[in-house]
Amino acid sequence: MRALAPACAALAAILLLPVSAQAVVPARQLPPPRPLATVDHPPVDGVNSFDNGSRSVPRVALTFDADMTPGMLAQLQAGQVKSWYNREVRDILDTEGVHATVFLTGLWAQAYPDVARSLAGDPRLEIGSHTYDHAAFRTPCYGLAGTADRGGEIDRAQDQIQAVTGVRPNLIRFPGDCYDRSDVALAEQKGLAVISGDVRSGDAFNNSAPAVAAIVLRNLQPGSIVLMHFHGGPNAPMTAPALRMVIQGARSRGLEFGTVSEVLGRTAARPPRPVPTAEELLRPLRERKLESPTPPALRPDQPLAPYRRLRLESPRRIPWGLRNT
Ligand SMILES: [Zn+2]
């Protein structure tokens, strides 16, 4: 079943209030959002997670799930699928200077370690966990296989992503967005905030980019968290062209893009700073020395005789009686 398992967000779009006209505010003038509390997701079920940021700040978070089930990995290894990395999405984010969050499965990070490392090192991007192999925490969940080891799914993903990228995520999106209260508690125990979203793009198994873009733009509001996919291939074939339309449409309304942490006012997980080399530590000292050379200091045990002799040899110090002799 896993080979046939669809990507996580083949969910029907949830209709939300239409976007009202927003004032255009340049990014640098946006106030940092206050950290927000979780919300009931979906409403009325009593399970709390993060669906959106402040509705009063014209900034939204585009998020991309990098699914990788064992079935998808088998397809990749058998050459049935060329790639589960949607390079075009990355290129668009780069070219447009768009901040975004990518939720990686551990298996995906294992399959694309160089890309995962590059994503983690990109200051415009943030990475989160999408569990180890995209097993469902609650079933039924769009045909995904369920897991009997929920804690292991989270831990293995954390370990794998950290081993590859140096970053231990502090955000998680559950596969298929299928979870309950105990799953949220489990993730929180492990230091992860559960991120859902309020705009489901419907880009999974959707062959119409305009249709995907229309769903997003119809539901987009300030503070929105948008669910899209990063794996491309036959499972999400139109994400890239839809993304171009979404970026253009959102910007035309004065909406800007932030990572999930930026939109929620949370601290992002970042790779550790590399340990400086001896050369890097010494360079500022050397440069300072060149700029303002300081005279060599006198050592306490250094004899003063040369200086005394110098004074005595100075013509001004020679007594009158000794001159011209
Ligand atoms: Zn997914």
# chains A, B, ... in the order shown; residues from 1 in each chain; ligands from 1

$ residues_around --residues "stretch 125-135 of chain A" --least-positions-apart "3" --cutoff "6 Å" --atoms "only C-alpha atoms" --output "list of chain:residue names"
A:Met68, A:Thr69, A:His99, A:Ala100, A:Thr101, A:Val102, A:Phe103, A:Leu104, A:Thr105, A:Gly106, A:Leu107, A:Asp122, A:Ala145, A:Gly146, A:Thr147, A:Glu153, A:Ile154, A:Arg156, A:Ala157, A:Pro169, A:Leu171, A:Ile172, A:Arg173, A:Phe174, A:Pro175

$ write_last_selection --atoms "C-alpha atoms" --output "compact mmCIF listing (two decimals), in the first residue's frame"
# COMPACT_ATOMS: atom_id res chain seq x y z
CA MET A 68 9.43 9.75 1.05
CA THR A 69 7.66 6.50 1.84
CA HIS A 99 11.41 32.66 2.55
CA ALA A 100 9.88 29.23 3.05
CA THR A 101 9.86 26.11 5.23
CA VAL A 102 10.57 22.60 3.98
CA PHE A 103 9.41 19.64 6.07
CA LEU A 104 11.77 16.74 5.39
CA THR A 105 11.14 13.08 5.95
CA GLY A 106 14.19 11.28 7.28
CA LEU A 107 14.19 9.02 4.23
CA ASP A 122 20.12 28.65 3.29
CA ALA A 145 0.34 2.88 6.12
CA GLY A 146 0.04 3.44 9.85
CA THR A 147 2.90 3.26 12.33
CA GLU A 153 9.10 7.81 13.74
CA ILE A 154 9.84 11.17 15.32
CA ARG A 156 14.59 8.52 13.70
CA ALA A 157 13.65 11.54 11.60
CA PRO A 169 14.24 20.49 13.77
CA LEU A 171 8.83 21.92 13.95
CA ILE A 172 6.97 18.86 12.73
CA ARG A 173 4.18 18.26 10.27
CA PHE A 174 2.49 14.91 10.55
CA PRO A 175 2.01 12.91 7.34

$ select_by_dssp --residues "stretch 104-319 of chain A" --states "strand (DSSP E)" --output "list in words"
Leu104, Leu125, Glu126, Ile127, Gly128, Ser129, Leu171, Ile172, Ala193, Val194, Val199, Arg200, Ile225, Val226, Leu227, Met228, His229, Glu256 and Phe257 of chain A

$ closest_residue --among "A:Gly232, A:Gly151, A:Gly223, A:Gly249" --to "ligand 1" --atoms "only C-alpha atoms and all ligand atoms"
A:Gly232

$ closest_residue --among "A:Tyr112, A:Phe257, A:Tyr85, A:Tyr179" --to "A:Val226" --atoms "only C-alpha atoms"
A:Phe257

$ closest_residue --among "A:Ser196, A:Thr277, A:Gln80, A:Thr267" --to "ligand 1" --atoms "only C-alpha atoms and all ligand atoms"
A:Ser196

$ closest_residue --among "A:Pro70, A:Gly176, A:Gly79, A:Gly152" --to "ligand 1" --atoms "only C-alpha atoms and all ligand atoms"
A:Gly176

$ closest_residue --among "A:Gly233, A:Gly166, A:Gly258, A:Gly71" --to "A:Pro113" --atoms "only C-alpha atoms"
A:Gly166

$ atom_distance --atom1 "atom CA of A:Met245" --atom2 "atom CA of A:Arg90"
15.0 Å

$ atom_distance --atom1 "atom CA of A:Asn219" --atom2 "atom CA of A:Ser201"
9.1 Å

$ residues_around --residues "A:Ala213" --least-positions-apart "4" --cutoff "12 Å" --atoms "only C-alpha atoms" --output "PyMOL selection string"
chain A and resi 13+199-203+206-209+217-220+226-228+238-250

$ write_last_selection --atoms "N, CA and C atoms" --output "short mmCIF file (atom, residue, chain, number, x, y, z; two decimals), in the first residue's frame"
data_model
loop_
_atom_site.label_atom_id
_atom_site.label_comp_id
_atom_site.auth_asym_id
_atom_site.auth_seq_id
_atom_site.Cartn_x
_atom_site.Cartn_y
_atom_site.Cartn_z
N ALA A 13 -9.90 21.51 -0.15
CA ALA A 13 -9.57 22.85 0.33
C ALA A 13 -10.63 23.31 1.31
N VAL A 199 -4.18 26.69 4.69
CA VAL A 199 -4.43 26.69 3.24
C VAL A 199 -3.82 25.42 2.64
N ARG A 200 -4.67 24.51 2.23
CA ARG A 200 -4.21 23.29 1.56
C ARG A 200 -4.26 23.52 0.06
N SER A 201 -3.08 23.46 -0.54
CA SER A 201 -3.01 23.82 -1.97
C SER A 201 -3.65 22.77 -2.86
N GLY A 202 -3.71 21.54 -2.40
CA GLY A 202 -4.24 20.48 -3.25
C GLY A 202 -3.30 20.17 -4.40
N ASP A 203 -1.99 20.38 -4.22
CA ASP A 203 -1.05 20.13 -5.34
C ASP A 203 -0.71 18.65 -5.50
N ASN A 206 -2.33 16.61 -8.66
CA ASN A 206 -3.14 17.60 -9.37
C ASN A 206 -2.39 18.02 -10.62
N ASN A 207 -3.04 17.90 -11.77
CA ASN A 207 -2.36 18.20 -13.04
C ASN A 207 -2.63 19.61 -13.55
N SER A 208 -3.26 20.42 -12.74
CA SER A 208 -3.56 21.79 -13.20
C SER A 208 -2.93 22.82 -12.28
N ALA A 209 -1.91 23.48 -12.79
CA ALA A 209 -1.27 24.54 -12.00
C ALA A 209 -2.23 25.69 -11.70
N LEU A 217 -4.79 31.03 -3.66
CA LEU A 217 -5.04 32.48 -3.63
C LEU A 217 -6.45 32.78 -3.11
N ARG A 218 -7.36 31.86 -3.31
CA ARG A 218 -8.72 32.09 -2.80
C ARG A 218 -8.75 32.05 -1.27
N ASN A 219 -7.87 31.24 -0.71
CA ASN A 219 -7.90 31.04 0.75
C ASN A 219 -6.83 31.80 1.53
N LEU A 220 -5.92 32.41 0.82
CA LEU A 220 -4.78 33.05 1.46
C LEU A 220 -5.20 34.30 2.24
N VAL A 226 0.66 27.81 4.20
CA VAL A 226 0.21 27.12 3.00
C VAL A 226 0.91 25.77 2.86
N LEU A 227 0.15 24.72 2.63
CA LEU A 227 0.73 23.39 2.47
C LEU A 227 0.92 23.06 0.99
N MET A 228 2.18 22.83 0.61
CA MET A 228 2.50 22.37 -0.75
C MET A 228 3.52 21.24 -0.61
N MET A 238 2.60 19.66 -10.53
CA MET A 238 2.38 21.05 -10.94
C MET A 238 2.73 22.07 -9.85
N THR A 239 3.47 21.63 -8.86
CA THR A 239 3.78 22.54 -7.75
C THR A 239 4.56 23.77 -8.23
N ALA A 240 5.54 23.56 -9.10
CA ALA A 240 6.40 24.69 -9.50
C ALA A 240 5.63 25.76 -10.29
N PRO A 241 4.94 25.39 -11.37
CA PRO A 241 4.21 26.46 -12.07
C PRO A 241 3.13 27.10 -11.19
N ALA A 242 2.52 26.31 -10.32
CA ALA A 242 1.52 26.90 -9.41
C ALA A 242 2.20 27.88 -8.46
N LEU A 243 3.40 27.53 -8.01
CA LEU A 243 4.13 28.40 -7.07
C LEU A 243 4.40 29.77 -7.69
N ARG A 244 4.77 29.78 -8.96
CA ARG A 244 5.01 31.08 -9.63
C ARG A 244 3.77 31.96 -9.54
N MET A 245 2.63 31.37 -9.80
CA MET A 245 1.37 32.14 -9.77
C MET A 245 1.03 32.58 -8.35
N VAL A 246 1.30 31.70 -7.40
CA VAL A 246 0.99 32.04 -6.00
C VAL A 246 1.86 33.22 -5.54
N ILE A 247 3.13 33.18 -5.88
CA ILE A 247 4.03 34.26 -5.46
C ILE A 247 3.56 35.58 -6.05
N GLN A 248 3.27 35.54 -7.34
CA GLN A 248 2.83 36.77 -8.01
C GLN A 248 1.52 37.28 -7.41
N GLY A 249 0.57 36.37 -7.23
CA GLY A 249 -0.74 36.77 -6.71
C GLY A 249 -0.66 37.31 -5.29
N ALA A 250 0.15 36.66 -4.46
CA ALA A 250 0.27 37.11 -3.06
C ALA A 250 0.94 38.48 -3.01
#

$ closest_residue --among "A:Ser56, A:Val81, A:Ser49, A:Val167" --to "A:Ala187" --atoms "only C-alpha atoms"
A:Ser49

$ select_by_dssp --residues "stretch 102-215 of chain A" --states "alpha helix (DSSP H)" --output "number ranges by chain"
A: 106-111, 113-121, 150-165, 181-189, 209-215

$ residues_around --residues "A:Ser182" --least-positions-apart "5" --cutoff "12 Å" --atoms "only C-alpha atoms" --output "PDB file with N, CA and C atoms, in the first residue's frame"
ATOM      1  N   GLY A  46     -10.615  19.795  19.435  1.00  0.00           N
ATOM      2  CA  GLY A  46      -9.862  19.906  20.687  1.00  0.00           C
ATOM      3  C   GLY A  46      -8.391  19.569  20.565  1.00  0.00           C
ATOM      4  N   VAL A  47      -7.903  19.341  19.341  1.00  0.00           N
ATOM      5  CA  VAL A  47      -6.481  19.039  19.142  1.00  0.00           C
ATOM      6  C   VAL A  47      -5.781  20.321  18.683  1.00  0.00           C
ATOM      7  N   ASN A  48      -4.796  20.722  19.453  1.00  0.00           N
ATOM      8  CA  ASN A  48      -4.186  22.009  19.162  1.00  0.00           C
ATOM      9  C   ASN A  48      -2.891  21.877  18.382  1.00  0.00           C
ATOM     10  N   SER A  49      -2.735  22.732  17.397  1.00  0.00           N
ATOM     11  CA  SER A  49      -1.480  22.845  16.666  1.00  0.00           C
ATOM     12  C   SER A  49      -1.444  24.249  16.068  1.00  0.00           C
ATOM     13  N   PHE A 137       0.216   8.626  11.550  1.00  0.00           N
ATOM     14  CA  PHE A 137       0.075   8.480  12.996  1.00  0.00           C
ATOM     15  C   PHE A 137      -1.338   8.061  13.374  1.00  0.00           C
ATOM     16  N   ARG A 138      -2.288   8.403  12.526  1.00  0.00           N
ATOM     17  CA  ARG A 138      -3.687   7.992  12.722  1.00  0.00           C
ATOM     18  C   ARG A 138      -4.211   7.500  11.386  1.00  0.00           C
ATOM     19  N   ARG A 150       5.221   5.460  17.080  1.00  0.00           N
ATOM     20  CA  ARG A 150       5.124   6.900  16.809  1.00  0.00           C
ATOM     21  C   ARG A 150       6.352   7.645  17.303  1.00  0.00           C
ATOM     22  N   GLY A 151       6.806   7.271  18.502  1.00  0.00           N
ATOM     23  CA  GLY A 151       8.001   7.928  19.046  1.00  0.00           C
ATOM     24  C   GLY A 151       9.222   7.674  18.175  1.00  0.00           C
ATOM     25  N   ALA A 187       4.925  14.905  20.391  1.00  0.00           N
ATOM     26  CA  ALA A 187       5.840  15.784  19.657  1.00  0.00           C
ATOM     27  C   ALA A 187       6.371  16.881  20.583  1.00  0.00           C
ATOM     28  N   GLU A 188       5.482  17.439  21.401  1.00  0.00           N
ATOM     29  CA  GLU A 188       5.904  18.517  22.293  1.00  0.00           C
ATOM     30  C   GLU A 188       6.903  18.023  23.335  1.00  0.00           C
ATOM     31  N   GLN A 189       6.691  16.806  23.809  1.00  0.00           N
ATOM     32  CA  GLN A 189       7.661  16.205  24.752  1.00  0.00           C
ATOM     33  C   GLN A 189       9.050  16.140  24.134  1.00  0.00           C
ATOM     34  N   VAL A 194       3.867  21.309  16.590  1.00  0.00           N
ATOM     35  CA  VAL A 194       3.126  20.709  15.482  1.00  0.00           C
ATOM     36  C   VAL A 194       2.570  21.808  14.580  1.00  0.00           C
TER      37      VAL A 194
END

$ decode --residues "stretch 177-221 of chain A" --atoms "N, CA and C atoms" --output "short mmCIF file (atom, residue, chain, number, x, y, z; two decimals), in the first residue's frame"
data_model
loop_
_atom_site.label_atom_id
_atom_site.label_comp_id
_atom_site.auth_asym_id
_atom_site.auth_seq_id
_atom_site.Cartn_x
_atom_site.Cartn_y
_atom_site.Cartn_z
N ASP A 177 -1.38 15.11 7.67
CA ASP A 177 -2.00 15.97 8.68
C ASP A 177 -2.95 15.14 9.56
N CYS A 178 -2.62 13.86 9.74
CA CYS A 178 -3.48 12.95 10.50
C CYS A 178 -2.87 12.73 11.89
N TYR A 179 -3.47 13.29 12.90
CA TYR A 179 -2.91 13.16 14.24
C TYR A 179 -3.99 13.48 15.26
N ASP A 180 -3.70 13.13 16.50
CA ASP A 180 -4.64 13.48 17.55
C ASP A 180 -3.89 14.12 18.71
N ARG A 181 -4.63 14.32 19.77
CA ARG A 181 -4.09 15.04 20.93
C ARG A 181 -2.83 14.39 21.50
N SER A 182 -2.83 13.06 21.54
CA SER A 182 -1.67 12.38 22.14
C SER A 182 -0.44 12.52 21.23
N ASP A 183 -0.65 12.62 19.93
CA ASP A 183 0.48 12.82 19.02
C ASP A 183 1.09 14.21 19.22
N VAL A 184 0.24 15.18 19.44
CA VAL A 184 0.74 16.54 19.70
C VAL A 184 1.55 16.55 21.00
N ALA A 185 1.02 15.85 22.02
CA ALA A 185 1.73 15.80 23.31
C ALA A 185 3.08 15.11 23.14
N LEU A 186 3.10 14.05 22.36
CA LEU A 186 4.34 13.30 22.12
C LEU A 186 5.37 14.19 21.41
N ALA A 187 4.93 14.90 20.39
CA ALA A 187 5.84 15.78 19.66
C ALA A 187 6.37 16.88 20.58
N GLU A 188 5.48 17.44 21.40
CA GLU A 188 5.90 18.52 22.29
C GLU A 188 6.90 18.02 23.33
N GLN A 189 6.69 16.81 23.81
CA GLN A 189 7.66 16.20 24.75
C GLN A 189 9.05 16.14 24.13
N LYS A 190 9.08 15.96 22.84
CA LYS A 190 10.36 15.82 22.13
C LYS A 190 10.84 17.16 21.58
N GLY A 191 10.21 18.24 22.02
CA GLY A 191 10.67 19.57 21.65
C GLY A 191 10.22 20.05 20.28
N LEU A 192 9.16 19.47 19.77
CA LEU A 192 8.68 19.84 18.43
C LEU A 192 7.30 20.47 18.51
N ALA A 193 7.14 21.59 17.81
CA ALA A 193 5.82 22.20 17.69
C ALA A 193 5.14 21.62 16.46
N VAL A 194 3.87 21.31 16.59
CA VAL A 194 3.13 20.71 15.48
C VAL A 194 2.57 21.81 14.58
N ILE A 195 2.96 21.73 13.33
CA ILE A 195 2.53 22.74 12.35
C ILE A 195 1.57 22.09 11.38
N SER A 196 0.40 22.66 11.27
CA SER A 196 -0.53 22.20 10.25
C SER A 196 -0.59 23.27 9.17
N GLY A 197 -1.65 24.02 9.10
CA GLY A 197 -1.77 25.06 8.09
C GLY A 197 -3.23 25.38 7.88
N ASP A 198 -3.49 26.51 7.29
CA ASP A 198 -4.89 26.88 7.02
C ASP A 198 -5.20 26.92 5.53
N VAL A 199 -4.18 26.69 4.69
CA VAL A 199 -4.43 26.69 3.24
C VAL A 199 -3.82 25.42 2.64
N ARG A 200 -4.67 24.51 2.23
CA ARG A 200 -4.21 23.29 1.56
C ARG A 200 -4.26 23.52 0.06
N SER A 201 -3.08 23.46 -0.54
CA SER A 201 -3.01 23.82 -1.97
C SER A 201 -3.65 22.77 -2.86
N GLY A 202 -3.71 21.54 -2.40
CA GLY A 202 -4.24 20.48 -3.25
C GLY A 202 -3.30 20.17 -4.40
N ASP A 203 -1.99 20.38 -4.22
CA ASP A 203 -1.05 20.13 -5.34
C ASP A 203 -0.71 18.65 -5.50
N ALA A 204 -1.11 17.81 -4.55
CA ALA A 204 -0.82 16.38 -4.68
C ALA A 204 -1.71 15.77 -5.75
N PHE A 205 -1.09 15.09 -6.71
CA PHE A 205 -1.80 14.41 -7.79
C PHE A 205 -2.73 15.35 -8.55
N ASN A 206 -2.33 16.61 -8.66
CA ASN A 206 -3.14 17.60 -9.37
C ASN A 206 -2.39 18.02 -10.62
N ASN A 207 -3.04 17.90 -11.77
CA ASN A 207 -2.36 18.20 -13.04
C ASN A 207 -2.63 19.61 -13.55
N SER A 208 -3.26 20.42 -12.74
CA SER A 208 -3.56 21.79 -13.20
C SER A 208 -2.93 22.82 -12.28
N ALA A 209 -1.91 23.48 -12.79
CA ALA A 209 -1.27 24.54 -12.00
C ALA A 209 -2.23 25.69 -11.70
N PRO A 210 -3.00 26.15 -12.69
CA PRO A 210 -3.94 27.24 -12.38
C PRO A 210 -4.95 26.85 -11.29
N ALA A 211 -5.36 25.58 -11.30
CA ALA A 211 -6.32 25.15 -10.28
C ALA A 211 -5.69 25.20 -8.89
N VAL A 212 -4.43 24.74 -8.79
CA VAL A 212 -3.74 24.76 -7.50
C VAL A 212 -3.56 26.21 -7.03
N ALA A 213 -3.10 27.05 -7.94
CA ALA A 213 -2.88 28.45 -7.57
C ALA A 213 -4.18 29.12 -7.15
N ALA A 214 -5.25 28.78 -7.83
CA ALA A 214 -6.55 29.40 -7.51
C ALA A 214 -7.00 29.00 -6.11
N ILE A 215 -6.79 27.74 -5.75
CA ILE A 215 -7.18 27.28 -4.40
C ILE A 215 -6.40 28.08 -3.36
N VAL A 216 -5.09 28.21 -3.60
CA VAL A 216 -4.26 28.92 -2.62
C VAL A 216 -4.68 30.38 -2.52
N LEU A 217 -4.79 31.03 -3.66
CA LEU A 217 -5.04 32.48 -3.63
C LEU A 217 -6.45 32.78 -3.11
N ARG A 218 -7.36 31.86 -3.31
CA ARG A 218 -8.72 32.09 -2.80
C ARG A 218 -8.75 32.05 -1.27
N ASN A 219 -7.87 31.24 -0.71
CA ASN A 219 -7.90 31.04 0.75
C ASN A 219 -6.83 31.80 1.53
N LEU A 220 -5.92 32.41 0.82
CA LEU A 220 -4.78 33.05 1.46
C LEU A 220 -5.20 34.30 2.24
N GLN A 221 -4.71 34.38 3.46
CA GLN A 221 -4.94 35.57 4.30
C GLN A 221 -3.63 35.94 4.96
#
